[in-house]
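For reference, target.cif is printed below; it contains mmCIF, C-alpha atoms and all ligand atoms.
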```cif
data_my_file
loop_
_atom_site.label_atom_id
_atom_site.label_comp_id
_atom_site.auth_asym_id
_atom_site.auth_seq_id
_atom_site.Cartn_x
_atom_site.Cartn_y
_atom_site.Cartn_z
CA MET A 1 90.16 122.49 85.35
CA HIS A 2 90.36 122.02 81.63
CA ILE A 3 89.35 118.72 80.06
CA ASP A 4 90.01 118.37 76.37
CA LYS A 5 86.83 118.04 74.31
CA LEU A 6 88.08 114.90 72.58
CA GLU A 7 88.92 113.30 75.94
CA ARG A 8 85.51 114.19 77.32
CA ASN A 9 83.83 112.61 74.27
CA TRP A 10 85.77 109.39 74.64
CA ALA A 11 85.07 109.27 78.38
CA GLY A 12 81.42 109.53 77.43
CA VAL A 13 81.77 106.63 74.98
CA ALA A 14 83.48 104.48 77.66
CA LEU A 15 80.76 105.23 80.21
CA GLY A 16 78.12 104.55 77.57
CA ILE A 17 79.58 101.10 76.85
CA ALA A 18 79.63 100.29 80.58
CA GLY A 19 76.00 101.42 80.75
CA VAL A 20 75.06 99.13 77.86
CA PHE A 21 76.68 96.15 79.61
CA VAL A 22 75.03 96.85 82.95
CA SER A 23 71.61 97.22 81.34
CA ALA A 24 72.19 94.00 79.35
CA ILE A 25 72.87 92.14 82.62
CA LEU A 26 69.90 93.70 84.41
CA GLY A 27 67.65 93.22 81.39
CA SER A 28 68.47 89.55 80.91
CA ALA A 29 68.19 88.89 84.67
CA LEU A 30 64.68 90.36 84.72
CA LEU A 31 63.65 88.85 81.39
CA HIS A 32 64.76 85.30 82.18
CA GLY A 33 63.87 85.40 85.86
CA ILE A 34 67.48 84.85 86.93
CA HIS A 35 68.01 85.27 90.65
CA ALA A 36 71.21 85.19 92.64
CA PRO A 37 71.58 82.09 94.81
CA SER A 38 70.84 83.53 98.25
CA ASN A 39 69.69 80.52 100.19
CA VAL A 40 71.97 80.46 103.23
CA GLU A 41 71.22 77.03 104.62
CA THR A 42 74.08 74.90 105.84
CA ILE A 43 74.52 71.13 105.81
CA ASP A 44 77.36 68.75 106.70
CA SER A 45 78.54 67.54 103.29
CA ALA A 46 80.43 64.62 104.83
CA LYS A 47 77.27 63.23 106.43
CA LEU A 48 74.74 63.54 103.61
CA HIS A 49 74.02 59.81 103.73
CA LEU A 50 72.94 60.25 107.36
CA SER A 51 70.94 63.43 106.83
CA LYS A 52 67.16 63.39 107.00
CA GLU A 53 66.76 65.03 103.66
CA PHE A 54 69.58 63.83 101.42
CA ALA A 55 69.95 60.17 102.31
CA GLU A 56 69.98 58.04 99.15
CA ASP A 57 66.38 56.84 99.46
CA LYS A 58 65.12 60.43 99.88
CA LEU A 59 66.54 61.70 96.59
CA GLY A 60 64.39 62.42 93.58
CA ALA A 61 61.12 64.27 93.06
CA SER A 62 58.28 64.20 95.56
CA ARG A 63 54.85 65.81 95.64
CA ASN A 64 54.12 68.21 98.49
CA PRO A 65 50.65 68.49 100.11
CA ASP A 66 50.05 71.84 98.34
CA GLY A 67 50.59 70.23 94.92
CA SER A 68 54.07 71.63 94.36
CA VAL A 69 57.04 69.34 93.84
CA THR A 70 60.40 69.23 95.60
CA VAL A 71 63.41 67.73 93.87
CA ARG A 72 66.40 66.72 95.96
CA MET A 73 69.66 65.91 94.24
CA VAL A 74 73.26 65.35 95.19
CA ALA A 75 76.18 66.51 93.06
CA GLY A 76 79.50 64.74 93.33
CA ARG A 77 82.48 64.04 91.12
CA TYR A 78 81.33 63.21 88.46
CA GLY A 79 77.60 63.06 88.32
CA PHE A 80 74.27 64.24 89.62
CA PHE A 81 72.26 61.73 91.60
CA PRO A 82 69.75 60.38 90.80
CA LYS A 83 71.10 60.01 87.28
CA THR A 84 67.69 60.29 85.65
CA LEU A 85 64.62 62.07 86.91
CA THR A 86 61.08 62.82 85.75
CA VAL A 87 59.29 66.00 86.80
CA PRO A 88 55.90 67.51 85.89
CA ALA A 89 55.47 70.59 83.69
CA GLU A 90 53.39 73.62 84.75
CA THR A 91 54.02 72.86 88.42
CA PRO A 92 55.95 74.92 90.97
CA ILE A 93 59.18 72.99 91.55
CA THR A 94 61.74 73.60 94.26
CA PHE A 95 65.12 72.14 93.38
CA ARG A 96 67.36 71.49 96.38
CA TRP A 97 71.00 70.65 95.70
CA VAL A 98 73.93 69.59 97.83
CA SER A 99 77.50 68.70 96.97
CA LEU A 100 79.32 65.80 98.53
CA ASP A 101 82.80 67.03 97.61
CA VAL A 102 83.79 70.20 95.75
CA ILE A 103 82.01 73.18 94.18
CA HIS A 104 79.81 72.17 91.27
CA GLY A 105 77.32 74.08 89.21
CA VAL A 106 74.13 72.84 87.67
CA HIS A 107 72.41 74.18 84.63
CA MET A 108 69.38 73.06 82.71
CA PRO A 109 69.66 74.53 79.21
CA MET A 110 66.78 76.70 77.91
CA THR A 111 65.43 77.20 81.43
CA ASN A 112 66.30 79.46 84.37
CA MET A 113 67.33 76.42 86.45
CA SER A 114 70.95 77.25 87.14
CA THR A 115 72.89 77.52 90.37
CA MET A 116 76.25 76.95 92.01
CA ILE A 117 76.40 74.05 94.46
CA VAL A 118 78.82 74.86 97.25
CA PRO A 119 79.79 72.11 99.70
CA GLY A 120 78.36 72.83 103.13
CA TYR A 121 75.33 74.66 101.78
CA VAL A 122 71.97 73.71 100.32
CA ALA A 123 71.45 75.45 96.97
CA GLN A 124 67.81 76.09 96.21
CA VAL A 125 66.08 77.16 93.00
CA LYS A 126 62.34 77.61 92.63
CA THR A 127 61.02 77.42 89.12
CA GLU A 128 58.27 76.18 86.87
CA LEU A 129 59.04 74.29 83.65
CA HIS A 130 56.76 75.03 80.75
CA HIS A 131 57.99 72.71 78.02
CA THR A 132 57.90 68.94 78.12
CA GLY A 133 60.82 66.95 76.79
CA ASP A 134 64.23 65.62 77.71
CA TYR A 135 66.79 67.98 79.14
CA PRO A 136 70.36 67.43 80.24
CA LEU A 137 71.54 68.71 83.60
CA LEU A 138 75.07 69.94 83.11
CA CYS A 139 77.81 70.88 85.55
CA ASN A 140 79.00 74.39 84.80
CA GLU A 141 81.69 74.87 87.43
CA TYR A 142 85.06 73.29 86.74
CA CYS A 143 85.35 70.49 89.30
CA GLY A 144 88.18 68.28 88.04
CA MET A 145 89.24 66.00 85.21
CA GLY A 146 85.75 64.56 84.75
CA HIS A 147 83.96 67.90 84.72
CA ALA A 148 83.03 67.71 81.04
CA HIS A 149 81.39 64.33 81.63
CA MET A 150 79.36 65.42 84.63
CA TRP A 151 75.74 65.43 83.64
CA SER A 152 72.40 63.85 84.28
CA ASN A 153 69.06 63.59 82.50
CA ILE A 154 65.79 65.19 83.42
CA LYS A 155 62.52 64.48 81.67
CA VAL A 156 59.64 66.94 81.86
CA VAL A 157 56.23 65.32 81.29
CA GLY A 158 52.64 66.56 81.51
CA LYS A 159 51.10 66.86 84.97
CA ALA A 160 48.67 63.96 84.50
CA GLU A 161 51.36 61.69 83.11
CA TRP A 162 53.60 62.49 86.06
CA ASP A 163 50.84 61.70 88.55
CA ALA A 164 50.23 58.36 86.81
CA LEU A 165 53.96 57.56 86.98
CA ALA A 166 54.05 58.58 90.64
CA LYS A 167 51.20 56.20 91.40
CA GLN A 168 52.99 53.33 89.70
CA GLY A 169 56.00 54.27 91.76
CA GLY A 170 58.22 52.77 89.12
CA GLU A 171 60.48 55.77 88.71
CA GLN A 172 62.27 58.21 90.95
CA HIS A 173 59.42 60.00 92.64
CA GLY A 174 60.57 59.80 96.23
CU1 LIG B 1 80.95 69.09 88.62
CU2 LIG B 1 82.07 70.39 86.96
#
```

Kindly return the structure encoded in the file as structure tokens.
Amino acid sequence: MHIDKLERNWAGVALGIAGVFVSAILGSALLHGIHAPSNVETIDSAKLHLSKEFAEDKLGASRNPDGSVTVRMVAGRYGFFPKTLTVPAETPITFRWVSLDVIHGVHMPMTNMSTMIVPGYVAQVKTELHHTGDYPLLCNEYCGMGHAHMWSNIKVVGKAEWDALAKQGGEQHG
């Protein structure tokens, strides 16, 4: 079979471009610690208020016996609840998300905290935040007219400061 030299060259260019894109995806996934949401854990989205884990008074950040922190939040049109949250830096954090209505996404800019929140499932992201400061939590899946206004605030403070706040119990610390 004869393939024209020019055609072969261009086929090579096309394959090369595809290769560049695939390596860019793989490279950025490895570099930024991005992992596909693979936590297959189901929950009844209509009964979150009755669930053990996602009832209103259970939401927020809480310290586990091993020193790590678990954050439980609910996404619904159009907000993340609780609306503000304080978490410690340099601490393993497990974020657990549920939706009470449609598909939402949550993204914390400049970090690898990003996942889709599908109703009926618990989305889970394990991470560690290295920089203190105020971050927005933004919805990044179109979920309706109020999508652009769906956000929440998260404040990352030093470990010691967080422990002091937790003792006061003034803020959302579960
Ligand atoms: Cu929630 Cu977009």

**Message:** Using all atoms listed in the file, which residues have at least one atom no more than 12 Å from ligand LIG 1 (chain B)? Output them as an MDAnalysis selection string.
**Reply:** chainID A and resid 74:81 98:107 115:119 137:152

Next, write the just-selected residues to a file, as a JSON list (two decimals), in the frame of the given file, keeping C-alpha atoms as the atom set.
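Output file result_17.json follows:
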```
[["chain", "number", "residue", "atom", "x", "y", "z"],
["A", 74, "VAL", "CA", 73.26, 65.35, 95.19],
["A", 75, "ALA", "CA", 76.18, 66.51, 93.06],
["A", 76, "GLY", "CA", 79.50, 64.74, 93.33],
["A", 77, "ARG", "CA", 82.48, 64.04, 91.12],
["A", 78, "TYR", "CA", 81.33, 63.21, 88.46],
["A", 79, "GLY", "CA", 77.60, 63.06, 88.32],
["A", 80, "PHE", "CA", 74.27, 64.24, 89.62],
["A", 81, "PHE", "CA", 72.26, 61.73, 91.60],
["A", 98, "VAL", "CA", 73.93, 69.59, 97.83],
["A", 99, "SER", "CA", 77.50, 68.70, 96.97],
["A", 100, "LEU", "CA", 79.32, 65.80, 98.53],
["A", 101, "ASP", "CA", 82.80, 67.03, 97.61],
["A", 102, "VAL", "CA", 83.79, 70.20, 95.75],
["A", 103, "ILE", "CA", 82.01, 73.18, 94.18],
["A", 104, "HIS", "CA", 79.81, 72.17, 91.27],
["A", 105, "GLY", "CA", 77.32, 74.08, 89.21],
["A", 106, "VAL", "CA", 74.13, 72.84, 87.67],
["A", 107, "HIS", "CA", 72.41, 74.18, 84.63],
["A", 115, "THR", "CA", 72.89, 77.52, 90.37],
["A", 116, "MET", "CA", 76.25, 76.95, 92.01],
["A", 117, "ILE", "CA", 76.40, 74.05, 94.46],
["A", 118, "VAL", "CA", 78.82, 74.86, 97.25],
["A", 119, "PRO", "CA", 79.79, 72.11, 99.70],
["A", 137, "LEU", "CA", 71.54, 68.71, 83.60],
["A", 138, "LEU", "CA", 75.07, 69.94, 83.11],
["A", 139, "CYS", "CA", 77.81, 70.88, 85.55],
["A", 140, "ASN", "CA", 79.00, 74.39, 84.80],
["A", 141, "GLU", "CA", 81.69, 74.87, 87.43],
["A", 142, "TYR", "CA", 85.06, 73.29, 86.74],
["A", 143, "CYS", "CA", 85.35, 70.49, 89.30],
["A", 144, "GLY", "CA", 88.18, 68.28, 88.04],
["A", 145, "MET", "CA", 89.24, 66.00, 85.21],
["A", 146, "GLY", "CA", 85.75, 64.56, 84.75],
["A", 147, "HIS", "CA", 83.96, 67.90, 84.72],
["A", 148, "ALA", "CA", 83.03, 67.71, 81.04],
["A", 149, "HIS", "CA", 81.39, 64.33, 81.63],
["A", 150, "MET", "CA", 79.36, 65.42, 84.63],
["A", 151, "TRP", "CA", 75.74, 65.43, 83.64],
["A", 152, "SER", "CA", 72.40, 63.85, 84.28]]
```

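With all atoms listed in the file as the atoms that count, the minimum distance from Arg63 in chain A to the choices A:His2, A:Lys126, A:Val87, A:Arg96 is reached by A:Val87.
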
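Reported to one decimal place, the separation of CA of Ser68 in chain A from CA of Leu85 in chain A is 16.1 Å.
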
**Item:** Point-to-point distance from CA of Thr42 in chain A to CA of Gly120 in chain A, Å rounded to tenths
**Value:** 5.5 Å

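Across the structure, CA of Lys159 in chain A and CA of Ala55 in chain A are spaced 26.5 Å apart.
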
**Complete:** If you count all atoms listed in the file, the residue of A:Lys83, A:Lys155, A:His49, A:His32 closest to Asn112 in chain A turns out to be A:His32

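Closest approach to Lys52 in chain A among A:Val20, A:Ala89, A:Arg72, A:Ile154 is made by A:Arg72 (distances from only C-alpha atoms).
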
**Message:** For Phe95 in chain A, find every residue with an atom within 9 Å (counting all atoms listed in the file), except residues of its own chain fewer than 6 positions away, and show them as a list of chain:residue names.
**Reply:** A:Ala61, A:Val69, A:Thr70, A:Val71, A:Arg72, A:Met73, A:Met113, A:Ala123, A:Gln124, A:Val125, A:Lys126, A:Thr127

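With all atoms listed in the file as the atoms that count, the minimum distance from Asn39 in chain A to the choices A:Ala24, A:Leu6, A:Ala164, A:Val122 is reached by A:Val122.
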
Since the input is missing atoms for range 19-30 of chain A, could you rebuild it with N, CA, C and O atoms and give the result as a CSV table (one decimal), in the coordinates of the input?
```
chain,number,residue,atom,x,y,z
A,19,GLY,N,77.5,101.3,80.5
A,19,GLY,CA,76.0,101.4,80.8
A,19,GLY,C,75.3,100.4,80.0
A,19,GLY,O,74.4,99.7,80.5
A,20,VAL,N,75.7,100.2,78.7
A,20,VAL,CA,75.1,99.1,77.9
A,20,VAL,C,75.2,97.8,78.5
A,20,VAL,O,74.3,97.0,78.6
A,21,PHE,N,76.4,97.5,79.0
A,21,PHE,CA,76.7,96.2,79.6
A,21,PHE,C,75.8,95.9,80.9
A,21,PHE,O,75.2,94.9,81.1
A,22,VAL,N,75.8,97.0,81.7
A,22,VAL,CA,75.0,96.8,83.0
A,22,VAL,C,73.6,96.6,82.6
A,22,VAL,O,72.9,95.8,83.2
A,23,SER,N,73.0,97.4,81.7
A,23,SER,CA,71.6,97.2,81.3
A,23,SER,C,71.4,95.9,80.7
A,23,SER,O,70.3,95.3,80.9
A,24,ALA,N,72.4,95.3,79.9
A,24,ALA,CA,72.2,94.0,79.4
A,24,ALA,C,72.1,93.0,80.5
A,24,ALA,O,71.2,92.1,80.4
A,25,ILE,N,72.9,93.1,81.5
A,25,ILE,CA,72.9,92.1,82.6
A,25,ILE,C,71.5,92.2,83.4
A,25,ILE,O,70.9,91.3,83.6
A,26,LEU,N,71.2,93.5,83.7
A,26,LEU,CA,69.9,93.7,84.4
A,26,LEU,C,68.7,93.2,83.6
A,26,LEU,O,67.8,92.5,84.1
A,27,GLY,N,68.7,93.6,82.3
A,27,GLY,CA,67.6,93.2,81.4
A,27,GLY,C,67.5,91.7,81.3
A,27,GLY,O,66.4,91.2,81.4
A,28,SER,N,68.6,91.0,81.1
A,28,SER,CA,68.5,89.6,80.9
A,28,SER,C,68.1,88.9,82.2
A,28,SER,O,67.4,87.9,82.3
A,29,ALA,N,68.6,89.5,83.4
A,29,ALA,CA,68.2,88.9,84.7
A,29,ALA,C,66.7,89.0,84.9
A,29,ALA,O,66.0,88.0,85.3
A,30,LEU,N,66.1,90.2,84.5
A,30,LEU,CA,64.7,90.4,84.7
A,30,LEU,C,63.9,89.5,83.7
A,30,LEU,O,62.9,88.9,84.1
```
